[in-house]
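S.K.: Starting off with a structure, shown below.
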Amino acid sequence: MTRSKLNKKQLKEKVVGFLSSRPRETFTLKQLFNSLRLTTHPLKILCVDVLNELIDEEQIFRNYDGEIAYNGTTNQVAEGVFRCLGKRRNLVETSDGLSIFIHDDDTLHALNGDKVKVTIFAARKQSDRLYGEIIEIIERSNKPIVGVLQINHGVAFLTHPDGSLPYDVFIPESQLKGGKNGDKALVQIIDWPENTRNPIGVVKEIFGKEGENETEMHAILAEYGLPYSYPKEVERYADKISDVISAEEIAKREDFRDVTTFTIDPRDAKDFDDALSIRPLEKGHYEVGVHIADVSHYVLEGSVIDKEAQQRGTSVYLVDRTIPMLPERLCNYICSLRPDEEKLAFSVIFDMDEDAKVYSSRIVHTIIKSNRRFVYEEVQAILEQNGEADDIEGHIPVAKDKRTGEFCNELITLNRMAHKLKANRMYTGAIDFDREEIRFEIDETGKPISVYFKVAKDANKLVEEFMLLANRTVAESVGKVKKGQKAKVLPYRVHDLPDPGKLDNLAQFVKRFKYNIITQGSKTEVAKSINKLLMDVRGDKIQNLVENVSLRAMMKAKYSTHNIGHYGLAFDYYTHFTSPIRRYPDLMVHRLLTRYAEGSASASQKSMKGYANIVLQWNNWLQLLSVLPLSTSR
């Protein structure tokens, strides 16, 4: 029987059979049509009718995203992680993407982060949610809770302002640790007897009075499991590291101390982990150096500092402070590429012309001496006064002999190259999410007093393009091997193709506002279509909305030893090499590059097991930082 002759009963059996064989998977309509090979319009219409009927019969359900899944039988059991969202909203998230809503009376005293077993009820009529009841707490998360102490007549409770703790935590008077009414505190739950309404906890730390800046900052960091102070023993270890560069070490490296070099960073930066150098070669070529702080020279693998850095994973930038990955002596002094100081670097050196064509490159250990510490605003001013900033309408370049500003010729040459590098990326299918960043102005006490939007201008993009070029070049140097050869291990920064279902949803969404994108074709064609959409909506009142929805259609970038390329940047090979002061993956890349340059074999399969855990940790860190309040990660 041909598929075009399926009747309603047969199609219904086919749909139920397919979905019941994949009870934990969700499908968009398009995915369902493709899986069932429903190619004609009448069959698709009939299938929609069948799906609506099955929803009414509670055999299947439709989730918030409009995706279809099999409902299964009553009392189906699943395992997942409990989340309390506040305002009597609880759910269990399973590893295969199901969200099961739990009423307060059915939580079995579960707490945020607990691993639980849940019974799933049959879907209720005209409901797009799955409901269930927790029947077992498999493993407690044991994560401390941040809240406010309320003490009346010697009776103390910890309350949670956002409601993510369904019941206040009872604190015995002997366990208050000096806490007073209105203090913010970190509390560990130690018991929750079945016959009591409130869990019992002990105070681990008092942060201070609610509302005070220092109190709130420490509370935010503690709530997200981030360190708010550096261990003294690690700082003492760092204090013993010598900042003297020996003659023997200099002899091993390429010497760039006499080459024009400068750093370009935010005004408040202290950890300068990248610098640019440039000098002319013959035939109109230039030697451009991307110099990165050689952290791996000072932070030895397995050392006390290395273990602390690995645990932290990255530096965290809050409104009024930085929580560094490395001790201050290293990140702000010894490793930081400060002006007029000789520094060790790990560099990618390019032979390029003014059209940004790369003729050759090499990755080498160097010694440098920065001539100037620029902030972005200074570089931008030099570019603008010389008519070289593309973001200034009607700009006219100043003649070379009329240019003004410190290192103006070098900056202008690099800026022109950066424009060419970006144009090449856009041509090959990179996506241009050029969004404004929210920044805060703070007073002398660290309290935010105003908010403003920071727009990336030519000076920012100049640095960005050369960092991207260096990262790509490093990844290619390891991963791009001759046919028949096996590439050595490297942690790549990968970005998968957009989810087809989310891309279809984006197309339907923007169509309401008379905009269009294509969802079929080569990845370059789809990327260019998304870029056109982002360009078309600029200045429109729905710009921010469309940009947010477009971002959600993209997959999240992550670290992986399995290279699949970077879709958003349109690179076949990409890694993180340029920020070892503030990002642990870059430090690992530096070590592997050094190891491979010395002729060592690839990382062993045995070491890969532990390494996989580190990669997972980095991915989790970045996911956490994306939702951390009042933070930026440069």
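Residue numbering restarts at 1 in every chain; chains get A, B, ... in the order shown in the structure tokens, and ligands count up from 1 in that same order.
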Counting only C-alpha atoms, give me one row per residue of range 201-304 of chain A with an atom at most 12 Å from an atom of range 435-450 of chain A, showing the shortest contact pair and its distance in Å to one decimal, sorted by chain then residue number, as a tab-separated table.
M.R.:
```
residue	atom	partner	partner_atom	distance
A:Gly211	CA	A:Lys447	CA	10.8
A:Glu212	CA	A:Lys447	CA	9.0
A:Asn213	CA	A:Lys447	CA	6.3
A:Glu214	CA	A:Gly446	CA	8.4
A:Thr215	CA	A:Lys447	CA	11.6
A:Glu216	CA	A:Lys447	CA	10.5
A:Met217	CA	A:Gly446	CA	10.0
A:Pro266	CA	A:Arg439	CA	11.8
A:Asp268	CA	A:Glu441	CA	11.4
```
S.K.: Could you give me the residues within range 354-585 of chain A that DSSP places in strand (DSSP E), as number ranges by chain?
M.R.: A: 358-369, 372-375, 437-442, 448-454, 492-494, 558-560
S.K.: Considering only C-alpha atoms, return as a PyMOL selection string whatever protein or nucleic-acid residues lie within 8 Å of Ile278 in chain A, sequence-local ones (same chain, fewer than 5 positions apart) excluded.
M.R.: chain A and resi 259-261+286-289+410
S.K.: Can I get the selection written as an mmCIF file, in the first residue's frame, with N, CA and C atoms?
M.R.:
```
data_model
loop_
_atom_site.group_PDB
_atom_site.id
_atom_site.type_symbol
_atom_site.label_atom_id
_atom_site.label_comp_id
_atom_site.auth_asym_id
_atom_site.auth_seq_id
_atom_site.Cartn_x
_atom_site.Cartn_y
_atom_site.Cartn_z
ATOM 1 N N VAL A 259 60.415 45.444 18.433
ATOM 2 C CA VAL A 259 59.337 45.580 17.444
ATOM 3 C C VAL A 259 58.195 46.372 18.069
ATOM 4 N N THR A 260 57.620 47.301 17.302
ATOM 5 C CA THR A 260 56.505 48.116 17.804
ATOM 6 C C THR A 260 55.366 47.213 18.276
ATOM 7 N N THR A 261 55.038 47.328 19.565
ATOM 8 C CA THR A 261 54.046 46.446 20.200
ATOM 9 C C THR A 261 53.179 47.268 21.144
ATOM 10 N N TYR A 286 53.607 42.777 5.701
ATOM 11 C CA TYR A 286 53.812 43.155 7.101
ATOM 12 C C TYR A 286 53.948 41.896 7.943
ATOM 13 N N GLU A 287 54.765 41.995 8.984
ATOM 14 C CA GLU A 287 54.815 40.938 9.978
ATOM 15 C C GLU A 287 53.944 41.392 11.150
ATOM 16 N N VAL A 288 52.860 40.680 11.356
ATOM 17 C CA VAL A 288 51.931 41.004 12.445
ATOM 18 C C VAL A 288 52.037 39.910 13.503
ATOM 19 N N GLY A 289 52.254 40.324 14.743
ATOM 20 C CA GLY A 289 52.359 39.371 15.837
ATOM 21 C C GLY A 289 51.181 39.487 16.788
ATOM 22 N N GLU A 410 50.547 52.429 12.402
ATOM 23 C CA GLU A 410 50.413 51.017 12.765
ATOM 24 C C GLU A 410 48.952 50.658 13.048
#
```
S.K.: Restricting the calculation to only C-alpha atoms, which member of A:His297, A:Arg197, A:Lys143, A:Lys502 is positioned closest to Glu67 in chain A?
M.R.: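 Nearest to Glu67 in chain A: A:Lys502.
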S.K.: Find the nearest atom pair between each residue of range 475-579 of chain A and range 327-350 of chain A for residues within 12 Å, count only C-alpha atoms, give distances in Å to one decimal, sort rows by chain and ascending number, and present the table as CSV.
M.R.:
```
residue,atom,partner,partner_atom,distance
A:Ala475,CA,A:Val348,CA,11.6
A:Ser477,CA,A:Val348,CA,10.8
A:Phe577,CA,A:Phe346,CA,9.3
A:Thr578,CA,A:Phe346,CA,9.2
A:Ser579,CA,A:Ser336,CA,10.8
```
S.K.: I need the residue nearest Gly80 in chain A from this list: A:Asn63, A:Thr40, A:Thr119, A:Asn409. Use only C-alpha atoms for the distance.
M.R.: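 For Gly80 in chain A, the nearest of the given residues is A:Thr119.
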S.K.: With only C-alpha atoms as the counted atoms, please give the residues lying no more than 9 Å from Leu490 in chain A, apart from itself and same-chain residues fewer than 5 positions off, as a list in words.
M.R.: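 Here the qualifying residues turn out to be Ala475, Val478, Gly479, Ser560, Thr561, His562, Asn563, Thr575, Met588, Val589, Leu592, Leu593, Ser602 and Ala603 of chain A.
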S.K.: For the selection just defined, write its residues with C-alpha atoms to a file, as a compact mmCIF listing (two decimals), in the first residue's frame.
M.R.:
```
# COMPACT_ATOMS: atom_id res chain seq x y z
CA ALA A 475 43.46 25.09 15.81
CA VAL A 478 47.02 20.80 15.16
CA GLY A 479 43.77 19.66 13.61
CA SER A 560 35.05 19.41 22.72
CA THR A 561 37.97 17.25 21.63
CA HIS A 562 35.80 16.15 18.71
CA ASN A 563 36.02 18.91 16.10
CA THR A 575 40.02 26.91 19.63
CA MET A 588 45.59 23.79 28.39
CA VAL A 589 45.96 24.65 24.69
CA LEU A 592 49.55 20.97 24.41
CA LEU A 593 51.09 23.21 21.73
CA SER A 602 49.31 13.11 21.40
CA ALA A 603 47.58 13.13 24.76
```
S.K.: Would you pick out the contacts of Tyr131 in chain A at 6 Å or less, using only C-alpha atoms, so that residues sharing its chain but fewer than 4 positions from it are not included, and give the list as a PyMOL selection string?
M.R.: chain A and resi 100-102+120-121
S.K.: For the residues in the current selection, export C-alpha atoms as a compact mmCIF listing (two decimals), in the first residue's frame.
M.R.:
```
# COMPACT_ATOMS: atom_id res chain seq x y z
CA ILE A 100 7.62 17.31 34.56
CA PHE A 101 5.68 19.76 36.73
CA ILE A 102 5.25 18.93 40.42
CA ILE A 120 4.47 10.80 35.52
CA PHE A 121 0.69 11.21 35.39
```
S.K.: Point out the residue among A:Asn424, A:Thr94, A:Ser296, A:Ser20 with the least atom-to-atom distance to Leu587 in chain A, counting only C-alpha atoms.
M.R.: A:Ser296
S.K.: Run DSSP on the backbone and tell me which residues of range 361-542 of chain A come out as alpha helix (DSSP H); list them as a PyMOL selection string.
M.R.: chain A and resi 376-385+408-427+458-479+500-511+523-536
S.K.: Which residue gives the smallest distance to Leu226 in chain A among A:Pro324, A:Pro397, A:Ile189, A:His291, with only C-alpha atoms counted?
M.R.: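 Closest candidate: A:Pro324.
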S.K.: Out of A:Leu98, A:Ile190, A:Leu276, A:Ala251, which residue has the shortest atom-to-atom distance to Asp65 in chain A when counting only C-alpha atoms?
M.R.: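 Nearest to Asp65 in chain A: A:Leu98.
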S.K.: Contacts of range 7-14 of chain A at 9 Å or less, counting only C-alpha atoms, minus same-chain residues fewer than 4 places along, as a ChimeraX atom specification?
M.R.: /A:18-19,36,43,46-47,49-51,54
S.K.: Mind writing the picked residues with C-alpha atoms as a PDB file, in the first residue's frame?
M.R.:
```pdb
ATOM      1  CA  PHE A  18       6.370   5.691  15.917  1.00  0.00           C
ATOM      2  CA  LEU A  19       6.003   7.924  18.999  1.00  0.00           C
ATOM      3  CA  LEU A  36       6.830   9.212   8.766  1.00  0.00           C
ATOM      4  CA  LEU A  43      -1.395  13.420   4.317  1.00  0.00           C
ATOM      5  CA  LEU A  46      -4.671  14.319   7.933  1.00  0.00           C
ATOM      6  CA  CYS A  47      -1.705  13.852  10.293  1.00  0.00           C
ATOM      7  CA  ASP A  49      -6.052  15.976  12.530  1.00  0.00           C
ATOM      8  CA  VAL A  50      -4.785  12.667  13.956  1.00  0.00           C
ATOM      9  CA  LEU A  51      -2.404  14.460  16.337  1.00  0.00           C
ATOM     10  CA  LEU A  54      -4.476  11.794  20.076  1.00  0.00           C
TER      11      LEU A  54
END
```
S.K.: My list of candidates is A:Tyr298, A:Phe207, A:Tyr559, A:Tyr224. Which is closest to Ile581 in chain A when distances are computed with only C-alpha atoms?
M.R.: A:Tyr298
S.K.: Skip Arg140 in chain A itself and residues of its chain fewer than 3 positions away, then list as a list in words all residues within 8 Å of it, counting only C-alpha atoms.
M.R.: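 So, after excluding close chain neighbours, the residues are Leu111, Gly113, Asp114, Lys115 and Ile137 of chain A.
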S.K.: Print the selection's residues with C-alpha atoms to a file, as a compact mmCIF listing (two decimals), in the first residue's frame.
M.R.:
```txt
# COMPACT_ATOMS: atom_id res chain seq x y z
CA LEU A 111 15.24 20.67 47.30
CA GLY A 113 19.35 20.26 42.64
CA ASP A 114 18.21 16.98 44.22
CA LYS A 115 18.28 13.93 41.97
CA ILE A 137 14.92 11.32 46.51
```
S.K.: Give me, as JSON lines, each residue of range 460-541 of chain A that comes within 9 Å of range 356-379 of chain A, together with its shortest interatomic pair and the distance in Å at one decimal, counting only C-alpha atoms, with rows ordered by chain and rising residue number.
M.R.:
```
{"residue": "A:Asn460", "atom": "CA", "partner": "A:Tyr376", "partner_atom": "CA", "distance": 6.4}
{"residue": "A:Thr473", "atom": "CA", "partner": "A:Ser361", "partner_atom": "CA", "distance": 8.0}
{"residue": "A:Val474", "atom": "CA", "partner": "A:Ile363", "partner_atom": "CA", "distance": 7.5}
{"residue": "A:Ser477", "atom": "CA", "partner": "A:Ile363", "partner_atom": "CA", "distance": 8.7}
```
S.K.: Which value, in Å to one decimal, gives the distance between CA of Phe513 in chain A and CA of Lys532 in chain A?
M.R.: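 Pair CA of Phe513 in chain A / CA of Lys532 in chain A returns 14.6 Å.
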